[in-house]
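Peer 1: Questions regarding the structure given below will be posed in turn.
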Protein chains: 2
Amino acid sequence: MTVTTNRSPIIALDVMSGEAGAAEAIAAADIAAERYPRLSFLLFGRQDVIAAELVRWPRLASRAQIIHCDDVIGMSDKPSQALRRARSTSMGMAINAVKQGDANAAVSAGNTGALMAMSLFALRTMPGIDRPALAAVLPTLKSESVMLDLGANTECDATNLVQFAVMGAAFARTVLGLERPRVALLNIGEEELKGTGEIRAAAAVLKGARLPMKFIGFVEGDKIGSGDVDVVVTDGFSGNIAVKTAEGTSRLVTGLLGNAFRASIWGKLGYFIARGALQSLRAHLDPNAHNGAVFLGLNGLVVKSHGGANARGLANAIGVAHDLVADDVSRRIRDDLAGVDMASATAAAPDAA
Amino acid sequence: MTVTTNRSPIIALDVMSGEAGAAEAIAAADIAAERYPRLSFLLFGRQDVIAAELVRWPRLASRAQIIHCDDVIGMSDKPSQALRRARSTSMGMAINAVKQGDANAAVSAGNTGALMAMSLFALRTMPGIDRPALAAVLPTLKSESVMLDLGANTECDATNLVQFAVMGAAFARTVLGLERPRVALLNIGEEELKGTGEIRAAAAVLKGARLPMKFIGFVEGDKIGSGDVDVVVTDGFSGNIAVKTAEGTSRLVTGLLGNAFRASIWGKLGYFIARGALQSLRAHLDPNAHNGAVFLGLNGLVVKSHGGANARGLANAIGVAHDLVADDVSRRIRDDLAGVDMASATAAAPDAA
């Protein structure tokens, strides 16, 4: 394992932007404060609202500082509008605290597009990374996996995909605790000749790279949830389509299951008897349990919580931020980039395309 | 409804290429023969094998002709290799029967890549269509929907996407029995500015087209199974990722469900009591129930069955072929293309990209 570089992480929490409201965000911070005794907080939002809530959480209050902001980014605000309000909003000011070095990571449950735009504008990409990627942890049949990019970049070249693989592997080592995660590129077939030129060129580079990961080639969409791969790398368009399709299919199957149980007296009785056993299914698929998507590749960490996360879900996102800071994932990414011959990706891309 | 142009469809059935074997394919043809009294068959495969099976199915035997072929395309044969064996294989000869006008549609459960390559080479695209698309019917929470392209084209421009929308709508009118299917483009957001230039340009053309469909704009991946859209249009890369991800997620959730039921005595008992009710879930998600992907846009119909389909599944694929022939879907597509201003797609594409 690496040496932890910061044993008392400070989290800049955007209290105002989530759908669940400020009270739920403050409760989440207290759950995280209990889990991580050295964690402290900068709480961005309305002074009066936060102060009124903090009275209920003395543990958190002793390790938190309120930073007043008048304005909040709405869920339907466009990124371009949000950028202009970076200095007055809870989201923008939380990100700025990371930029200024006042906090080690920002956490927000707000508008994803605005958060991406503001984070990229304020923090810029780290040396060696051309574009940041949005990465998240997903449930699998065996345990969990990491997928990126989930929507930060609509189109990606081979160099971007290679950089995403490096970042995804570093992320998986931290959040999944794996020494050599199995990394694959998402494709429409497992054979070497399948897919776009960009994907084939990225595969060629990853095959030859010296990295703390096991590159296993291409996987198709049905392997994302199988547990046979730890890091699934793709462009932001396909990644967003895949993760949303997985969400929708999960809702479809559980919806049909609910209909089946409700359709007859035998279904209702069977559900009643098996309900304890079915809790484990619900727990494994609960988005709150896997909460916390991360913008990787910036000069500073930004974690995006589901907009609708409850206190426990948001606490998990704060936990992801804590782990990434404690494990210094940014340094891991910088170190790992040295093991990749990026020039060959740039050279290979136009050739194979 | 349209006038049916062919009341006695002839199906060219590739008996040899499916994983389930020739006996299962013959049994499937008999199920279809029972369902559609005017259907008749050309059976492509080994004369001795087919003749030995046909003895058991007198109804089918009276409406089928055996066409002997020595060779079979294997599941791992490359499309380029398959193309050279078009004249000796059951798959190639079945497609050729459609080309020659001896059959109205070909049905095969074999290697998708080989089937696509052979079909495109033998039948060519129909006038007004630049590229064929692979379309299939998927289960939704409410009933069923159509998605295309599922992998025939890795990259698509705006014109391709518009043509896929026209073909998908015609397909949905036939197989789902809808008069004005709701058609949407798969995207990473529902706002007009989201996605690639190709998608935005396709949306602009579809908005202005006079077509027997309701164009509802963009949908994200989680809407594929929701039942809120009848035809989901996308490029073959994203479509293949989405459909495979949906398959994998469906397996993930049902796998976790099975684990949950097996994990305790209460789970086992609950399952036992509710098992009748759970059959409806299994039936709705059964790939055999939704079997039959279609190559749309060629001068002739080719239907691809799941490789692992059983007799009932393959009979459903034959049923899809029957319906498409009876409803003359190719004429529908030709008629509908007249309602689209394709020039504007070509003009819009480079501009928006």
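Every chain in the structure tokens takes a letter, A first, then B, and so on in the order presented; its residues are numbered from 1, and the ligands are numbered from 1 following the presented order.
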List every residue of segment 219-323 of chain A that DSSP, applied to the backbone of this structure, places in strand (DSSP E or B), and write the result as a PyMOL selection string.
Peer 2: chain A and resi 219+231-233+293-296+298+301-304
Peer 1: With chain A as the partner and 7 Å as the cut-off, tabulate the residues of chain B that qualify, each row holding the nearest pair of atoms and their distance in Å to one decimal, using only C-alpha atoms, sorted by chain and rising number, as JSON lines.
Peer 2:
```
{"residue": "B:Thr140", "atom": "CA", "partner": "A:Leu252", "partner_atom": "CA", "distance": 6.9}
{"residue": "B:Leu141", "atom": "CA", "partner": "A:Leu252", "partner_atom": "CA", "distance": 5.6}
{"residue": "B:Thr154", "atom": "CA", "partner": "A:Gly195", "partner_atom": "CA", "distance": 6.5}
{"residue": "B:Ile188", "atom": "CA", "partner": "A:Asn240", "partner_atom": "CA", "distance": 6.1}
{"residue": "B:Gly195", "atom": "CA", "partner": "A:Thr154", "partner_atom": "CA", "distance": 6.5}
{"residue": "B:Thr196", "atom": "CA", "partner": "A:Thr154", "partner_atom": "CA", "distance": 6.8}
{"residue": "B:Glu220", "atom": "CA", "partner": "A:Ile241", "partner_atom": "CA", "distance": 6.7}
{"residue": "B:Gly221", "atom": "CA", "partner": "A:Thr245", "partner_atom": "CA", "distance": 4.2}
{"residue": "B:Asp222", "atom": "CA", "partner": "A:Gly248", "partner_atom": "CA", "distance": 3.8}
{"residue": "B:Lys223", "atom": "CA", "partner": "A:Gly248", "partner_atom": "CA", "distance": 6.4}
{"residue": "B:Ile224", "atom": "CA", "partner": "A:Thr245", "partner_atom": "CA", "distance": 6.9}
{"residue": "B:Gly225", "atom": "CA", "partner": "A:Thr249", "partner_atom": "CA", "distance": 6.1}
{"residue": "B:Ser226", "atom": "CA", "partner": "A:Leu252", "partner_atom": "CA", "distance": 6.8}
{"residue": "B:Phe237", "atom": "CA", "partner": "A:Ile188", "partner_atom": "CA", "distance": 6.3}
{"residue": "B:Ser238", "atom": "CA", "partner": "A:Ser238", "partner_atom": "CA", "distance": 5.7}
{"residue": "B:Asn240", "atom": "CA", "partner": "A:Ile188", "partner_atom": "CA", "distance": 6.1}
{"residue": "B:Ile241", "atom": "CA", "partner": "A:Gly221", "partner_atom": "CA", "distance": 4.9}
{"residue": "B:Ala242", "atom": "CA", "partner": "A:Ala242", "partner_atom": "CA", "distance": 5.5}
{"residue": "B:Lys244", "atom": "CA", "partner": "A:Gly221", "partner_atom": "CA", "distance": 4.6}
{"residue": "B:Thr245", "atom": "CA", "partner": "A:Gly221", "partner_atom": "CA", "distance": 4.2}
{"residue": "B:Ala246", "atom": "CA", "partner": "A:Thr249", "partner_atom": "CA", "distance": 5.7}
{"residue": "B:Glu247", "atom": "CA", "partner": "A:Asp222", "partner_atom": "CA", "distance": 5.9}
{"residue": "B:Gly248", "atom": "CA", "partner": "A:Asp222", "partner_atom": "CA", "distance": 3.8}
{"residue": "B:Thr249", "atom": "CA", "partner": "A:Ala246", "partner_atom": "CA", "distance": 5.7}
{"residue": "B:Ser250", "atom": "CA", "partner": "A:Thr249", "partner_atom": "CA", "distance": 6.3}
{"residue": "B:Leu252", "atom": "CA", "partner": "A:Leu141", "partner_atom": "CA", "distance": 5.6}
{"residue": "B:Val253", "atom": "CA", "partner": "A:Ser250", "partner_atom": "CA", "distance": 6.5}
{"residue": "B:Leu256", "atom": "CA", "partner": "A:Leu281", "partner_atom": "CA", "distance": 5.9}
{"residue": "B:Leu257", "atom": "CA", "partner": "A:Leu281", "partner_atom": "CA", "distance": 6.2}
{"residue": "B:Ala260", "atom": "CA", "partner": "A:Ala277", "partner_atom": "CA", "distance": 5.2}
{"residue": "B:Phe261", "atom": "CA", "partner": "A:Ala277", "partner_atom": "CA", "distance": 6.3}
{"residue": "B:Ala263", "atom": "CA", "partner": "A:Ala277", "partner_atom": "CA", "distance": 6.9}
{"residue": "B:Ser264", "atom": "CA", "partner": "A:Ala277", "partner_atom": "CA", "distance": 6.7}
{"residue": "B:Trp266", "atom": "CA", "partner": "A:Ala274", "partner_atom": "CA", "distance": 5.2}
{"residue": "B:Gly267", "atom": "CA", "partner": "A:Ala274", "partner_atom": "CA", "distance": 4.3}
{"residue": "B:Gly270", "atom": "CA", "partner": "A:Gly270", "partner_atom": "CA", "distance": 3.9}
{"residue": "B:Tyr271", "atom": "CA", "partner": "A:Gly270", "partner_atom": "CA", "distance": 6.0}
{"residue": "B:Ile273", "atom": "CA", "partner": "A:Gly270", "partner_atom": "CA", "distance": 5.0}
{"residue": "B:Ala274", "atom": "CA", "partner": "A:Gly267", "partner_atom": "CA", "distance": 4.3}
{"residue": "B:Ala277", "atom": "CA", "partner": "A:Ala260", "partner_atom": "CA", "distance": 5.2}
{"residue": "B:Leu278", "atom": "CA", "partner": "A:Ala260", "partner_atom": "CA", "distance": 5.7}
{"residue": "B:Ser280", "atom": "CA", "partner": "A:Ala260", "partner_atom": "CA", "distance": 6.5}
{"residue": "B:Leu281", "atom": "CA", "partner": "A:Leu256", "partner_atom": "CA", "distance": 5.9}
```
Peer 1: Write a file of the selected residues as a PDB file, in the first residue's frame, keeping C-alpha atoms.
Peer 2:
```pdb
ATOM      1  CA  THR B 140     -40.465  -3.169 -21.481  1.00  0.00           C
ATOM      2  CA  LEU B 141     -42.328  -2.594 -18.249  1.00  0.00           C
ATOM      3  CA  THR B 154     -20.097   0.849 -35.744  1.00  0.00           C
ATOM      4  CA  ILE B 188     -26.943  11.130 -23.067  1.00  0.00           C
ATOM      5  CA  GLY B 195     -24.960  14.490 -27.744  1.00  0.00           C
ATOM      6  CA  THR B 196     -22.987  14.360 -30.953  1.00  0.00           C
ATOM      7  CA  GLU B 220     -31.570   8.261 -22.219  1.00  0.00           C
ATOM      8  CA  GLY B 221     -30.676   4.600 -21.659  1.00  0.00           C
ATOM      9  CA  ASP B 222     -32.974   4.215 -18.675  1.00  0.00           C
ATOM     10  CA  LYS B 223     -36.004   4.786 -20.918  1.00  0.00           C
ATOM     11  CA  ILE B 224     -35.303   1.782 -23.175  1.00  0.00           C
ATOM     12  CA  GLY B 225     -37.181  -0.589 -20.876  1.00  0.00           C
ATOM     13  CA  SER B 226     -39.678   1.912 -19.469  1.00  0.00           C
ATOM     14  CA  PHE B 237     -21.970   0.717 -31.340  1.00  0.00           C
ATOM     15  CA  SER B 238     -24.213   2.290 -28.695  1.00  0.00           C
ATOM     16  CA  ASN B 240     -24.990  -3.106 -29.156  1.00  0.00           C
ATOM     17  CA  ILE B 241     -23.576  -1.784 -25.852  1.00  0.00           C
ATOM     18  CA  ALA B 242     -27.096  -0.960 -24.637  1.00  0.00           C
ATOM     19  CA  LYS B 244     -25.855  -6.307 -24.152  1.00  0.00           C
ATOM     20  CA  THR B 245     -25.847  -4.187 -20.980  1.00  0.00           C
ATOM     21  CA  ALA B 246     -29.585  -4.766 -20.632  1.00  0.00           C
ATOM     22  CA  GLU B 247     -29.051  -8.530 -21.044  1.00  0.00           C
ATOM     23  CA  GLY B 248     -26.250  -8.522 -18.490  1.00  0.00           C
ATOM     24  CA  THR B 249     -28.198  -6.432 -15.986  1.00  0.00           C
ATOM     25  CA  SER B 250     -31.252  -8.652 -16.380  1.00  0.00           C
ATOM     26  CA  LEU B 252     -27.434  -9.789 -12.713  1.00  0.00           C
ATOM     27  CA  VAL B 253     -30.754  -8.957 -11.063  1.00  0.00           C
ATOM     28  CA  LEU B 256     -29.092 -11.937  -7.245  1.00  0.00           C
ATOM     29  CA  LEU B 257     -32.770 -12.807  -6.873  1.00  0.00           C
ATOM     30  CA  ALA B 260     -31.602 -14.339  -2.251  1.00  0.00           C
ATOM     31  CA  PHE B 261     -34.220 -17.085  -2.542  1.00  0.00           C
ATOM     32  CA  ALA B 263     -29.883 -18.064   0.951  1.00  0.00           C
ATOM     33  CA  SER B 264     -32.353 -19.044   3.678  1.00  0.00           C
ATOM     34  CA  TRP B 266     -37.623 -18.517   4.355  1.00  0.00           C
ATOM     35  CA  GLY B 267     -36.363 -17.543   0.927  1.00  0.00           C
ATOM     36  CA  GLY B 270     -41.323 -17.995  -0.214  1.00  0.00           C
ATOM     37  CA  TYR B 271     -40.059 -18.908  -3.675  1.00  0.00           C
ATOM     38  CA  ILE B 273     -45.187 -20.500  -2.722  1.00  0.00           C
ATOM     39  CA  ALA B 274     -44.743 -17.634  -5.223  1.00  0.00           C
ATOM     40  CA  ALA B 277     -46.498 -15.857  -9.951  1.00  0.00           C
ATOM     41  CA  LEU B 278     -42.788 -15.654 -10.788  1.00  0.00           C
ATOM     42  CA  SER B 280     -44.880 -14.411 -15.574  1.00  0.00           C
ATOM     43  CA  LEU B 281     -41.637 -12.534 -14.854  1.00  0.00           C
TER      44      LEU B 281
END
```
Peer 1: Find the residues around Leu298 of chain A up to 10 Å (only C-alpha atoms counted), leave out those fewer than 6 positions away in its own chain, and share them as a list in words.
Peer 2: Ser119, Leu120, Phe121, Ala122, Leu123, Arg124, Thr125, Met126, Pro127, Ile129, Asp130, Arg131, Pro132, Ala133 and Ser330 of chain A
Peer 1: Give me every alpha helix (DSSP H) residue in segment 22-216 of chain A, going by DSSP on the backbone, as a ChimeraX atom specification.
Peer 2: /A:22-35,47-54,58-61,79-84,90-99,112-123,158-175,197-208
Peer 1: Take the selection from the previous step and output its residues with C-alpha atoms, as a PDB file, in the first residue's frame.
Peer 2:
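Generated file (out18.pdb):
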```
ATOM      1  CA  ALA A  22     -29.762  20.737   3.595  1.00  0.00           C
ATOM      2  CA  ALA A  23     -30.934  18.795   6.663  1.00  0.00           C
ATOM      3  CA  GLU A  24     -30.193  15.473   4.949  1.00  0.00           C
ATOM      4  CA  ALA A  25     -26.760  16.735   3.834  1.00  0.00           C
ATOM      5  CA  ILE A  26     -25.852  17.776   7.372  1.00  0.00           C
ATOM      6  CA  ALA A  27     -27.020  14.393   8.707  1.00  0.00           C
ATOM      7  CA  ALA A  28     -24.826  12.722   6.065  1.00  0.00           C
ATOM      8  CA  ALA A  29     -21.801  14.721   7.172  1.00  0.00           C
ATOM      9  CA  ASP A  30     -22.377  13.588  10.744  1.00  0.00           C
ATOM     10  CA  ILE A  31     -22.543   9.915   9.669  1.00  0.00           C
ATOM     11  CA  ALA A  32     -19.228  10.395   7.849  1.00  0.00           C
ATOM     12  CA  ALA A  33     -17.764  12.244  10.830  1.00  0.00           C
ATOM     13  CA  GLU A  34     -18.596   9.246  13.006  1.00  0.00           C
ATOM     14  CA  ARG A  35     -17.026   6.806  10.534  1.00  0.00           C
ATOM     15  CA  GLN A  47     -25.504  30.304   7.228  1.00  0.00           C
ATOM     16  CA  ASP A  48     -28.890  30.383   8.989  1.00  0.00           C
ATOM     17  CA  VAL A  49     -30.076  27.043   7.554  1.00  0.00           C
ATOM     18  CA  ILE A  50     -26.836  25.216   8.359  1.00  0.00           C
ATOM     19  CA  ALA A  51     -26.432  26.732  11.810  1.00  0.00           C
ATOM     20  CA  ALA A  52     -29.982  25.720  12.747  1.00  0.00           C
ATOM     21  CA  GLU A  53     -29.263  22.121  11.703  1.00  0.00           C
ATOM     22  CA  LEU A  54     -25.802  21.912  13.271  1.00  0.00           C
ATOM     23  CA  PRO A  58     -22.595  18.419  18.251  1.00  0.00           C
ATOM     24  CA  ARG A  59     -19.990  15.932  16.970  1.00  0.00           C
ATOM     25  CA  LEU A  60     -20.128  17.388  13.488  1.00  0.00           C
ATOM     26  CA  ALA A  61     -20.384  20.968  14.781  1.00  0.00           C
ATOM     27  CA  PRO A  79     -23.378  24.584 -17.296  1.00  0.00           C
ATOM     28  CA  SER A  80     -22.683  27.873 -19.084  1.00  0.00           C
ATOM     29  CA  GLN A  81     -25.020  29.729 -16.708  1.00  0.00           C
ATOM     30  CA  ALA A  82     -23.529  27.944 -13.711  1.00  0.00           C
ATOM     31  CA  LEU A  83     -19.980  28.968 -14.641  1.00  0.00           C
ATOM     32  CA  ARG A  84     -20.895  32.627 -14.317  1.00  0.00           C
ATOM     33  CA  SER A  90     -22.462  26.682  -2.731  1.00  0.00           C
ATOM     34  CA  MET A  91     -21.252  24.389  -5.525  1.00  0.00           C
ATOM     35  CA  GLY A  92     -18.834  26.882  -7.026  1.00  0.00           C
ATOM     36  CA  MET A  93     -17.437  27.953  -3.650  1.00  0.00           C
ATOM     37  CA  ALA A  94     -16.934  24.327  -2.523  1.00  0.00           C
ATOM     38  CA  ILE A  95     -14.908  23.630  -5.659  1.00  0.00           C
ATOM     39  CA  ASN A  96     -12.980  26.848  -5.160  1.00  0.00           C
ATOM     40  CA  ALA A  97     -12.017  25.731  -1.634  1.00  0.00           C
ATOM     41  CA  VAL A  98     -10.281  22.729  -3.210  1.00  0.00           C
ATOM     42  CA  LYS A  99      -8.539  24.995  -5.686  1.00  0.00           C
ATOM     43  CA  THR A 112     -23.830  17.007 -12.885  1.00  0.00           C
ATOM     44  CA  GLY A 113     -23.232  19.176 -15.951  1.00  0.00           C
ATOM     45  CA  ALA A 114     -22.699  22.284 -13.841  1.00  0.00           C
ATOM     46  CA  LEU A 115     -20.411  20.428 -11.433  1.00  0.00           C
ATOM     47  CA  MET A 116     -18.298  19.074 -14.316  1.00  0.00           C
ATOM     48  CA  ALA A 117     -18.020  22.449 -16.018  1.00  0.00           C
ATOM     49  CA  MET A 118     -17.167  24.330 -12.827  1.00  0.00           C
ATOM     50  CA  SER A 119     -14.675  21.696 -11.676  1.00  0.00           C
ATOM     51  CA  LEU A 120     -12.855  21.624 -14.997  1.00  0.00           C
ATOM     52  CA  PHE A 121     -12.786  25.419 -15.189  1.00  0.00           C
ATOM     53  CA  ALA A 122     -11.522  25.916 -11.633  1.00  0.00           C
ATOM     54  CA  LEU A 123      -9.185  22.961 -11.199  1.00  0.00           C
ATOM     55  CA  ALA A 158      -7.247   6.537 -28.085  1.00  0.00           C
ATOM     56  CA  THR A 159      -5.122   8.731 -25.795  1.00  0.00           C
ATOM     57  CA  ASN A 160      -8.182   9.681 -23.736  1.00  0.00           C
ATOM     58  CA  LEU A 161      -9.184   6.026 -23.366  1.00  0.00           C
ATOM     59  CA  VAL A 162      -5.678   5.015 -22.246  1.00  0.00           C
ATOM     60  CA  GLN A 163      -5.655   7.829 -19.681  1.00  0.00           C
ATOM     61  CA  PHE A 164      -9.101   6.751 -18.462  1.00  0.00           C
ATOM     62  CA  ALA A 165      -7.765   3.197 -18.002  1.00  0.00           C
ATOM     63  CA  VAL A 166      -4.880   4.487 -15.882  1.00  0.00           C
ATOM     64  CA  MET A 167      -7.209   6.652 -13.786  1.00  0.00           C
ATOM     65  CA  GLY A 168      -9.845   3.916 -13.457  1.00  0.00           C
ATOM     66  CA  ALA A 169      -7.274   1.392 -12.280  1.00  0.00           C
ATOM     67  CA  ALA A 170      -5.918   3.814  -9.666  1.00  0.00           C
ATOM     68  CA  PHE A 171      -9.497   4.505  -8.528  1.00  0.00           C
ATOM     69  CA  ALA A 172     -10.279   0.760  -8.284  1.00  0.00           C
ATOM     70  CA  ARG A 173      -7.131   0.113  -6.268  1.00  0.00           C
ATOM     71  CA  THR A 174      -8.342   2.697  -3.753  1.00  0.00           C
ATOM     72  CA  VAL A 175     -12.106   2.156  -3.575  1.00  0.00           C
ATOM     73  CA  GLY A 197     -10.086   2.646 -34.554  1.00  0.00           C
ATOM     74  CA  GLU A 198      -9.807   4.580 -31.283  1.00  0.00           C
ATOM     75  CA  ILE A 199     -10.627   1.527 -29.192  1.00  0.00           C
ATOM     76  CA  ARG A 200      -8.253  -0.738 -31.097  1.00  0.00           C
ATOM     77  CA  ALA A 201      -5.444   1.792 -30.799  1.00  0.00           C
ATOM     78  CA  ALA A 202      -6.060   2.181 -27.054  1.00  0.00           C
ATOM     79  CA  ALA A 203      -5.946  -1.614 -26.657  1.00  0.00           C
ATOM     80  CA  ALA A 204      -2.604  -1.769 -28.434  1.00  0.00           C
ATOM     81  CA  VAL A 205      -1.101   0.790 -26.040  1.00  0.00           C
ATOM     82  CA  LEU A 206      -2.557  -0.793 -22.899  1.00  0.00           C
ATOM     83  CA  LYS A 207      -1.261  -4.207 -23.943  1.00  0.00           C
ATOM     84  CA  GLY A 208       2.288  -2.860 -23.919  1.00  0.00           C
TER      85      GLY A 208
END
```
Peer 1: Have a look at atom CA of Val329 of chain B and atom CA of Ala209 of chain B and let me know their distance in Å, one decimal.
Peer 2: 19.3 Å
Peer 1: For each of A:Pro181, A:Ser40, A:Ala338, A:Ile318, take the minimum atom-to-atom distance to Asp102 of chain A, counting only C-alpha atoms, then give the residue where this is smallest.
Peer 2: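 For Asp102 of chain A, the nearest of the candidates is A:Ser40.
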Peer 1: Hey, can you check how far atom CA of Val231 of chain A sits from atom CA of Val183 of chain A?
Peer 2: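 The value is 4.6 Å.
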Peer 1: Between A:Glu190, A:Ala311, A:Cys156, A:Ala109, which is the closest to Thr234 of chain A once you count only C-alpha atoms?
Peer 2: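 Counting only C-alpha atoms, the residue closest to Thr234 of chain A is A:Cys156.
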Peer 1: Between atom CA of Leu176 of chain B and atom CA of Pro212 of chain B, measure the distance and give it in Å to one decimal.
Peer 2: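 These two atoms are separated by 14.0 Å.
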Peer 1: Would you mind listing what lies within 9 Å of Val294 of chain B as an NGL selection string, with only C-alpha atoms counted and same-chain residues fewer than 2 positions away left out?
Peer 2: :B and (133-136 or 171 or 292 or 296 or 301-305 or 320-321)
Peer 1: Can those selected residues be exported to a file as a tab-separated table (two decimals), in the first residue's frame so that it contains N, CA and C atoms?
Peer 2:
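The resulting file, out13.tsv, is reproduced below:
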```tsv
chain	number	residue	atom	x	y	z
B	133	ALA	N	-29.70	-1.91	-41.03
B	133	ALA	CA	-29.60	-1.89	-39.56
B	133	ALA	C	-30.19	-3.17	-39.00
B	134	LEU	N	-29.66	-3.57	-37.86
B	134	LEU	CA	-30.17	-4.74	-37.16
B	134	LEU	C	-31.16	-4.25	-36.11
B	135	ALA	N	-32.42	-4.71	-36.23
B	135	ALA	CA	-33.47	-4.26	-35.32
B	135	ALA	C	-34.02	-5.45	-34.55
B	136	ALA	N	-34.40	-5.22	-33.30
B	136	ALA	CA	-35.00	-6.29	-32.52
B	136	ALA	C	-36.05	-5.74	-31.57
B	171	PHE	N	-41.05	-1.13	-38.96
B	171	PHE	CA	-40.93	-2.43	-38.28
B	171	PHE	C	-41.88	-2.50	-37.08
B	292	GLY	N	-35.94	-12.92	-32.75
B	292	GLY	CA	-36.04	-12.53	-34.13
B	292	GLY	C	-35.59	-11.12	-34.38
B	296	LEU	N	-32.88	-4.74	-41.53
B	296	LEU	CA	-33.77	-3.87	-42.30
B	296	LEU	C	-32.97	-3.07	-43.31
B	301	LEU	N	-35.67	-9.82	-47.09
B	301	LEU	CA	-35.74	-9.87	-45.63
B	301	LEU	C	-34.89	-11.01	-45.08
B	302	VAL	N	-34.11	-10.69	-44.05
B	302	VAL	CA	-33.30	-11.69	-43.36
B	302	VAL	C	-33.54	-11.53	-41.86
B	303	VAL	N	-33.92	-12.63	-41.20
B	303	VAL	CA	-34.21	-12.60	-39.78
B	303	VAL	C	-33.17	-13.45	-39.06
B	304	LYS	N	-32.61	-12.86	-38.00
B	304	LYS	CA	-31.60	-13.54	-37.19
B	304	LYS	C	-32.23	-14.01	-35.89
B	305	SER	N	-32.22	-15.32	-35.66
B	305	SER	CA	-32.69	-15.86	-34.39
B	305	SER	C	-31.52	-15.90	-33.41
B	320	VAL	N	-41.86	-13.67	-36.94
B	320	VAL	CA	-41.50	-12.30	-37.28
B	320	VAL	C	-41.31	-12.19	-38.80
B	321	ALA	N	-40.59	-13.17	-39.37
B	321	ALA	CA	-40.37	-13.17	-40.83
B	321	ALA	C	-41.72	-13.22	-41.55
```
Peer 1: Using only C-alpha atoms, determine which residues lie at most 9 Å from Arg85 of chain B, disregarding the query and same-chain residues fewer than 5 positions distant; provide the list as a ChimeraX atom specification.
Peer 2: /B:71-73,92
Peer 1: For each of B:Met75, B:Leu42, B:Ala293, B:Ala326, take the minimum atom-to-atom distance to Leu314 of chain B, counting only C-alpha atoms, then give the residue where this is smallest.
Peer 2: B:Ala293
